[in-house]
Structure formats: structure tokens, C-alpha cells
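Just input-v2.txt here, compact mmCIF, C-alpha atoms:
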```
# COMPACT_ATOMS: atom_id res chain seq x y z
CA MET S 1 -41.60 42.01 -26.97
CA SER S 2 -42.67 44.12 -24.04
CA THR S 3 -41.16 43.42 -20.65
CA HIS S 4 -44.67 42.75 -19.36
CA GLU S 5 -45.57 39.99 -21.82
CA THR S 6 -45.56 36.40 -20.60
CA ILE S 7 -43.55 33.78 -22.44
CA THR S 8 -45.34 30.46 -22.72
CA ALA S 9 -43.04 27.78 -21.37
CA ALA S 10 -42.88 24.12 -22.37
CA PRO S 11 -44.40 21.65 -19.92
CA ALA S 12 -42.27 21.05 -16.83
CA ARG S 13 -40.01 18.02 -16.77
CA THR S 14 -38.83 15.97 -13.82
CA ARG S 15 -35.59 14.19 -13.19
CA THR S 16 -35.16 11.63 -10.43
CA HIS S 17 -31.92 10.18 -9.19
CA THR S 18 -31.01 7.78 -6.43
CA TRP S 19 -27.80 7.26 -4.54
CA GLN S 20 -26.34 5.22 -1.75
CA PRO S 21 -25.16 7.12 1.33
CA ARG S 22 -21.46 7.27 2.02
CA PRO S 23 -20.39 4.37 4.26
CA GLU S 24 -19.12 4.97 7.77
CA PRO S 25 -15.30 4.90 8.01
CA THR S 26 -14.84 1.32 9.20
CA PRO S 27 -11.37 -0.13 9.90
CA GLU S 28 -11.70 -2.08 6.64
CA LEU S 29 -12.46 1.07 4.64
CA LEU S 30 -9.70 3.03 6.40
CA GLY S 31 -7.27 0.23 5.48
CA MET S 32 -7.91 0.66 1.74
CA THR S 33 -5.70 2.75 -0.54
CA GLY S 34 -7.28 5.46 -2.67
CA LEU S 35 -6.96 3.23 -5.74
CA GLU S 36 -8.68 0.34 -3.94
CA ILE S 37 -11.56 2.60 -2.86
CA LEU S 38 -12.12 3.85 -6.42
CA GLN S 39 -11.86 0.33 -7.86
CA ALA S 40 -14.46 -0.86 -5.35
CA ALA S 41 -16.75 2.03 -6.27
CA GLN S 42 -16.35 1.22 -9.96
CA LYS S 43 -17.23 -2.45 -9.31
CA GLY S 44 -20.22 -1.42 -7.17
CA THR S 45 -18.96 -2.95 -3.91
CA LEU S 46 -18.72 0.59 -2.46
CA PRO S 47 -21.28 3.27 -3.29
CA ALA S 48 -20.41 5.84 -5.93
CA SER S 49 -20.14 9.49 -4.92
CA SER S 50 -23.60 11.03 -4.79
CA ILE S 51 -22.57 13.98 -6.99
CA MET S 52 -22.37 11.57 -9.92
CA SER S 53 -26.07 10.70 -9.90
CA THR S 54 -26.97 14.32 -9.18
CA LEU S 55 -25.25 15.60 -12.32
CA GLY S 56 -25.40 12.47 -14.49
CA PHE S 57 -21.84 11.20 -14.80
CA ARG S 58 -20.02 7.99 -13.90
CA LEU S 59 -16.56 6.63 -13.12
CA ALA S 60 -15.54 4.94 -16.38
CA GLU S 61 -11.94 3.90 -15.73
CA VAL S 62 -9.41 4.02 -12.93
CA GLY S 63 -5.73 3.09 -12.68
CA ASP S 64 -2.51 4.15 -11.02
CA GLY S 65 -2.40 7.95 -11.32
CA PHE S 66 -5.37 7.96 -13.72
CA ALA S 67 -9.14 8.37 -13.54
CA ALA S 68 -11.75 8.87 -16.25
CA PHE S 69 -15.37 9.95 -15.89
CA GLU S 70 -18.06 10.11 -18.55
CA GLY S 71 -21.01 12.46 -18.38
CA ASP S 72 -24.20 13.08 -20.31
CA PRO S 73 -25.13 16.70 -21.00
CA GLY S 74 -28.82 17.49 -21.11
CA ASP S 75 -31.35 20.28 -20.79
CA HIS S 76 -31.47 19.80 -17.01
CA LEU S 77 -27.98 21.38 -16.91
CA LEU S 78 -28.65 24.57 -18.90
CA ASN S 79 -27.70 28.06 -17.79
CA PRO S 80 -29.80 31.16 -18.68
CA MET S 81 -28.00 31.44 -22.04
CA GLY S 82 -29.17 27.98 -23.14
CA THR S 83 -25.82 26.19 -22.93
CA VAL S 84 -24.74 23.58 -20.39
CA HIS S 85 -23.61 25.33 -17.22
CA GLY S 86 -19.84 25.55 -16.80
CA GLY S 87 -20.22 24.04 -13.34
CA PHE S 88 -20.96 20.69 -14.98
CA LEU S 89 -17.60 20.80 -16.79
CA ALA S 90 -15.82 22.08 -13.68
CA THR S 91 -17.30 19.23 -11.63
CA LEU S 92 -16.24 16.62 -14.21
CA LEU S 93 -12.73 18.08 -14.17
CA ASP S 94 -12.58 18.27 -10.37
CA SER S 95 -13.74 14.64 -10.10
CA ALA S 96 -11.17 13.29 -12.57
CA LEU S 97 -8.36 15.45 -11.19
CA GLY S 98 -9.02 14.58 -7.56
CA SER S 99 -9.58 10.91 -8.28
CA ALA S 100 -6.31 10.70 -10.25
CA VAL S 101 -4.56 12.07 -7.15
CA MET S 102 -6.56 9.72 -4.89
CA THR S 103 -5.28 6.66 -6.79
CA ARG S 104 -1.79 7.43 -5.51
CA LEU S 105 -2.73 7.91 -1.83
CA PRO S 106 -1.91 5.28 0.80
CA ALA S 107 -4.53 3.85 3.14
CA GLY S 108 -5.98 6.34 5.60
CA THR S 109 -4.85 9.38 3.60
CA THR S 110 -7.30 11.83 2.04
CA TYR S 111 -7.07 14.99 -0.02
CA THR S 112 -8.98 18.19 -0.69
CA THR S 113 -8.89 20.50 -3.67
CA VAL S 114 -7.27 23.85 -2.84
CA GLN S 115 -7.04 25.20 -6.40
CA LEU S 116 -8.95 24.35 -9.56
CA GLY S 117 -8.08 25.89 -12.92
CA VAL S 118 -10.67 25.44 -15.65
CA HIS S 119 -10.39 26.41 -19.32
CA MET S 120 -13.56 25.98 -21.39
CA ILE S 121 -12.81 25.69 -25.10
CA ARG S 122 -16.21 25.28 -26.76
CA PRO S 123 -19.83 25.38 -25.61
CA VAL S 124 -21.64 22.23 -24.55
CA LEU S 125 -25.27 22.09 -25.69
CA SER S 126 -28.13 20.03 -24.30
CA ASP S 127 -27.85 17.61 -27.25
CA THR S 128 -24.03 17.28 -27.10
CA PRO S 129 -23.21 13.55 -26.94
CA ALA S 130 -21.45 12.08 -23.90
CA LEU S 131 -18.23 13.69 -22.73
CA ARG S 132 -15.18 11.92 -21.30
CA CYS S 133 -12.87 13.53 -18.78
CA GLU S 134 -9.48 11.91 -18.23
CA GLY S 135 -7.33 13.02 -15.31
CA THR S 136 -3.66 12.26 -14.70
CA ALA S 137 -1.74 12.82 -11.47
CA LEU S 138 1.47 14.75 -12.11
CA HIS S 139 2.87 14.98 -8.58
CA VAL S 140 1.71 13.40 -5.33
CA GLY S 141 3.93 14.39 -2.44
CA ARG S 142 3.66 14.38 1.34
CA THR S 143 1.57 17.55 1.61
CA THR S 144 0.54 18.58 -1.91
CA ALA S 145 -0.47 17.00 -5.21
CA THR S 146 -1.11 18.26 -8.73
CA ALA S 147 -2.97 16.82 -11.70
CA GLU S 148 -4.20 17.74 -15.18
CA ALA S 149 -7.32 16.66 -17.10
CA ARG S 150 -9.06 17.06 -20.45
CA ILE S 151 -12.72 16.76 -21.45
CA VAL S 152 -13.31 15.42 -24.95
CA GLY S 153 -16.39 14.37 -26.89
CA THR S 154 -16.81 10.59 -26.98
CA ARG S 155 -18.05 10.77 -30.58
CA ASP S 156 -16.24 13.72 -32.11
CA GLY S 157 -12.99 13.61 -30.09
CA LYS S 158 -13.07 17.42 -29.83
CA LEU S 159 -11.58 19.16 -26.81
CA TYR S 160 -14.31 20.89 -24.79
CA ALA S 161 -12.34 21.87 -21.67
CA HIS S 162 -9.13 21.21 -19.79
CA GLY S 163 -7.94 21.96 -16.30
CA THR S 164 -5.46 21.55 -13.49
CA THR S 165 -5.62 21.17 -9.75
CA THR S 166 -3.54 21.52 -6.63
CA CYS S 167 -4.66 19.37 -3.73
CA ALA S 168 -3.71 19.33 -0.08
CA VAL S 169 -2.76 15.83 1.03
CA LEU S 170 -4.23 15.09 4.46
CA ARG S 171 -2.32 12.39 6.29
CA PRO S 172 -3.63 10.72 9.47
```
In C-alpha cells, what does this structure look like?
Amino acid sequence: MSTHETITAAPARTRTHTWQPRPEPTPELLGMTGLEILQAAQKGTLPASSIMSTLGFRLAEVGDGFAAFEGDPGDHLLNPMGTVHGGFLATLLDSALGSAVMTRLPAGTTYTTVQLGVHMIRPVLSDTPALRCEGTALHVGRTTATAEARIVGTRDGKLYAHGTTTCAVLRP
């Protein structure tokens, strides 16, 4: 094919998502632990993070030192090579890792990711079934926290990616 030939593309698709804005930090919200905030988001009494509707994933499970997200790959997430962009996997990992840390934080304390290590094991295609990312907090101290997570296929159980994080713990 010549570099001047035009490739006929399939008809354009659209994807719409909605989200609730993040609530203002009221005294009630500031009085909740990280685990309580995530449990409320899972129940729908607090809005979910807007990144979840943007990329198509959801908080599936949360507990002490643990958080799991599930995400649906699709052709809206493809990179130029025709596979799901690694940023989707990195975002799933970052969400599960950070949320696992968050479950161990006292009221009024926040965190931010300062290091994210991502290892992609196999490609994710647009028709890959749902993926589950489970994160576990390993250490949550006064100023730093670490966690590890794995992304596996919900149907095939195969490992698609794994990662680690270091977070800064931000106390009031």
C-alpha cells in the first residue's frame, strides 16, 4: 500500500458515561476512615471516583487492607497496535493498590501515589472478558505505605499484570 492511499475506516462509535462530582469535604466526610469512605462508595451512598466511569471499571470488593476492582476491556481502549492500552491496566492497578492502602487510613488522613511499578504479562484485547484487580496493603505506616496487586481474567484466571506501589501518607 502506498503511503498516500486512504484506508476506509469503520463507522465512528460513541461512548457516553456519567458520574457524580466529588462531594465537598464536610465534617461528616472528614470524620470517616478510608475503609468507611470506600464502603460508602461501594454501597452508592457516596459517589464513585469519576475515573471508573471514564475507563469502565468498578469497585467490586473492599475490606481491611484489601480492595478489588473489575474492568471491562473494549475497543474504546485500544492503542495504535490494536491491543488495550497499558494505561488501562496501570489505572486498574493504581486504583486497587491505593484503595487497599486507603482502607487502613484513619479519618482525615489521605495518601498519594509516589511510585507505581507495573509488569504486564500478556496482551489484553478488545474482546478479552472482564478483568479483576485485587490489591493488598503490605505496610501502612505514619508517612509511607506499600501495597501489591494482581490483575487476572475473571473467566480464565490467567495473570495479565501485577504491580506494586509506594504511597505517601498525608496526615492532617
Can you pull out every residue within 12 Å of Ala48 of chain S, counting all atoms listed in the file, but drop anything in the same chain fewer than 4 positions away, and send it as a list in words?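 Residues meeting the cut-off are Thr18, Trp19, Gln20, Pro21, Arg22, Pro23, Ile37, Leu38, Gln39, Ala40, Ala41, Gln42, Lys43, Gly44, Met52, Ser53, Thr54, Gly56, Phe57, Arg58, Leu59, Ala60, Phe69 and Ser95 of chain S.
With only C-alpha atoms as the atoms that count, the residue of S:Thr83, S:Thr136, S:Thr166, S:Thr154 with the shortest distance to Tyr111 of chain S is S:Thr166.
You can rank S:Gly108, S:Gly87, S:Gly117, S:Gly163 by their closest distance to Gly34 of chain S using only C-alpha atoms, and at the top of that list sits S:Gly108.
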Using only C-alpha atoms, which of the listed residues (S:Gln115, S:Leu29, S:Leu131, S:Val101) sits closest to Ala145 of chain S?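 Of the candidates, the smallest distance to Ala145 of chain S is held by S:Val101.
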Taking into account all atoms listed in the file, which residue in the set S:Leu138, S:Leu159, S:Leu89, S:Leu105 is nearest to Pro172 of chain S?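 Under the stated criterion, the closest residue is S:Leu105.
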Give me, as a list in words, all polymer residues having an atom no more than 12 Å from Asp156 of chain S, counting only C-alpha atoms and skipping those fewer than 6 positions away in the same chain.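 In the requested form, the answer reads Thr128, Pro129, Ala130, Leu131 and Arg132 of chain S.
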Which value, in Å to one decimal, gives the distance between atom CA of Gly86 of chain S and atom CA of Leu46 of chain S? 28.8 Å
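Our summary of the geometry notes that atom CA of Ala10 of chain S is positioned 19.3 Å from atom CA of Pro73 of chain S.
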Pick out the residues sitting within 6 Å of Ala67 of chain S, and hand them over as a ChimeraX atom specification; count all atoms listed in the file, and ignore anything fewer than 6 positions along from it in its own chain. /S:61,96,99-100,134-135
Those residues you just picked out, can you put them in a file as an mmCIF file, in the frame of the given file with C-alpha atoms?
```cif
data_model
loop_
_atom_site.group_PDB
_atom_site.id
_atom_site.type_symbol
_atom_site.label_atom_id
_atom_site.label_comp_id
_atom_site.auth_asym_id
_atom_site.auth_seq_id
_atom_site.Cartn_x
_atom_site.Cartn_y
_atom_site.Cartn_z
ATOM 1 C CA GLU S 61 -11.940 3.900 -15.730
ATOM 2 C CA ALA S 96 -11.170 13.290 -12.570
ATOM 3 C CA SER S 99 -9.580 10.910 -8.280
ATOM 4 C CA ALA S 100 -6.310 10.700 -10.250
ATOM 5 C CA GLU S 134 -9.480 11.910 -18.230
ATOM 6 C CA GLY S 135 -7.330 13.020 -15.310
#
```
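With all atoms listed in the file as the basis for measurement, S:Leu93 is the residue among S:Leu93, S:Ile121, S:Val62, S:Ala137 that approaches Arg150 of chain S most closely.
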If I only have part of segment 141-152 of chain S, can you fill in all heavy atoms and write it as a compact mmCIF listing (two decimals), keeping the file's coordinate frame?
```
# COMPACT_ATOMS: atom_id res chain seq x y z
N GLY S 141 2.91 14.34 -3.48
CA GLY S 141 3.93 14.39 -2.44
C GLY S 141 3.33 14.20 -1.06
O GLY S 141 2.18 13.80 -0.90
N ARG S 142 4.11 14.53 -0.05
CA ARG S 142 3.66 14.38 1.34
C ARG S 142 2.52 15.32 1.70
O ARG S 142 1.62 14.95 2.42
CB ARG S 142 4.83 14.64 2.29
CG ARG S 142 5.30 13.37 2.94
CD ARG S 142 6.19 13.60 4.12
NE ARG S 142 5.55 13.67 5.41
CZ ARG S 142 4.78 12.74 5.94
NH1 ARG S 142 4.48 11.67 5.27
NH2 ARG S 142 4.30 12.88 7.15
N THR S 143 2.57 16.55 1.20
CA THR S 143 1.57 17.55 1.61
C THR S 143 0.77 18.15 0.46
O THR S 143 -0.28 18.73 0.69
CB THR S 143 2.24 18.70 2.38
OG1 THR S 143 3.23 19.31 1.54
CG2 THR S 143 2.89 18.20 3.66
N THR S 144 1.27 18.03 -0.76
CA THR S 144 0.54 18.58 -1.91
C THR S 144 0.56 17.59 -3.08
O THR S 144 1.41 16.70 -3.15
CB THR S 144 1.15 19.92 -2.41
OG1 THR S 144 2.49 19.68 -2.83
CG2 THR S 144 1.08 20.99 -1.34
N ALA S 145 -0.39 17.81 -4.00
CA ALA S 145 -0.47 17.00 -5.21
C ALA S 145 -0.99 17.88 -6.33
O ALA S 145 -1.73 18.84 -6.10
CB ALA S 145 -1.39 15.80 -4.99
N THR S 146 -0.60 17.55 -7.56
CA THR S 146 -1.11 18.26 -8.73
C THR S 146 -1.54 17.25 -9.79
O THR S 146 -1.05 16.11 -9.83
CB THR S 146 -0.06 19.21 -9.34
OG1 THR S 146 1.07 18.44 -9.76
CG2 THR S 146 0.37 20.27 -8.35
N ALA S 147 -2.48 17.69 -10.63
CA ALA S 147 -2.97 16.82 -11.70
C ALA S 147 -3.48 17.69 -12.84
O ALA S 147 -3.73 18.89 -12.67
CB ALA S 147 -4.09 15.91 -11.18
N GLU S 148 -3.64 17.06 -14.01
CA GLU S 148 -4.20 17.74 -15.18
C GLU S 148 -5.27 16.83 -15.79
O GLU S 148 -5.21 15.61 -15.64
CB GLU S 148 -3.13 18.09 -16.21
CG GLU S 148 -2.43 16.89 -16.79
CD GLU S 148 -1.27 17.26 -17.72
OE1 GLU S 148 -0.92 18.45 -17.81
OE2 GLU S 148 -0.71 16.33 -18.33
N ALA S 149 -6.24 17.45 -16.49
CA ALA S 149 -7.32 16.66 -17.10
C ALA S 149 -7.83 17.36 -18.36
O ALA S 149 -7.66 18.57 -18.53
CB ALA S 149 -8.46 16.46 -16.11
N ARG S 150 -8.47 16.56 -19.21
CA ARG S 150 -9.06 17.06 -20.45
C ARG S 150 -10.45 16.45 -20.61
O ARG S 150 -10.65 15.28 -20.30
CB ARG S 150 -8.21 16.63 -21.64
CG ARG S 150 -6.79 17.13 -21.59
CD ARG S 150 -5.91 16.41 -22.62
NE ARG S 150 -6.37 16.64 -23.97
CZ ARG S 150 -5.80 17.49 -24.81
NH1 ARG S 150 -4.74 18.15 -24.45
NH2 ARG S 150 -6.27 17.65 -26.02
N ILE S 151 -11.38 17.25 -21.12
CA ILE S 151 -12.72 16.76 -21.45
C ILE S 151 -12.83 16.74 -22.97
O ILE S 151 -12.64 17.77 -23.62
CB ILE S 151 -13.83 17.65 -20.87
CG1 ILE S 151 -13.77 17.65 -19.34
CG2 ILE S 151 -15.21 17.17 -21.34
CD1 ILE S 151 -14.78 18.58 -18.68
N VAL S 152 -13.13 15.57 -23.51
CA VAL S 152 -13.31 15.42 -24.95
C VAL S 152 -14.65 14.75 -25.25
O VAL S 152 -15.19 14.02 -24.43
CB VAL S 152 -12.16 14.59 -25.59
CG1 VAL S 152 -10.81 15.28 -25.43
CG2 VAL S 152 -12.12 13.19 -25.02
```
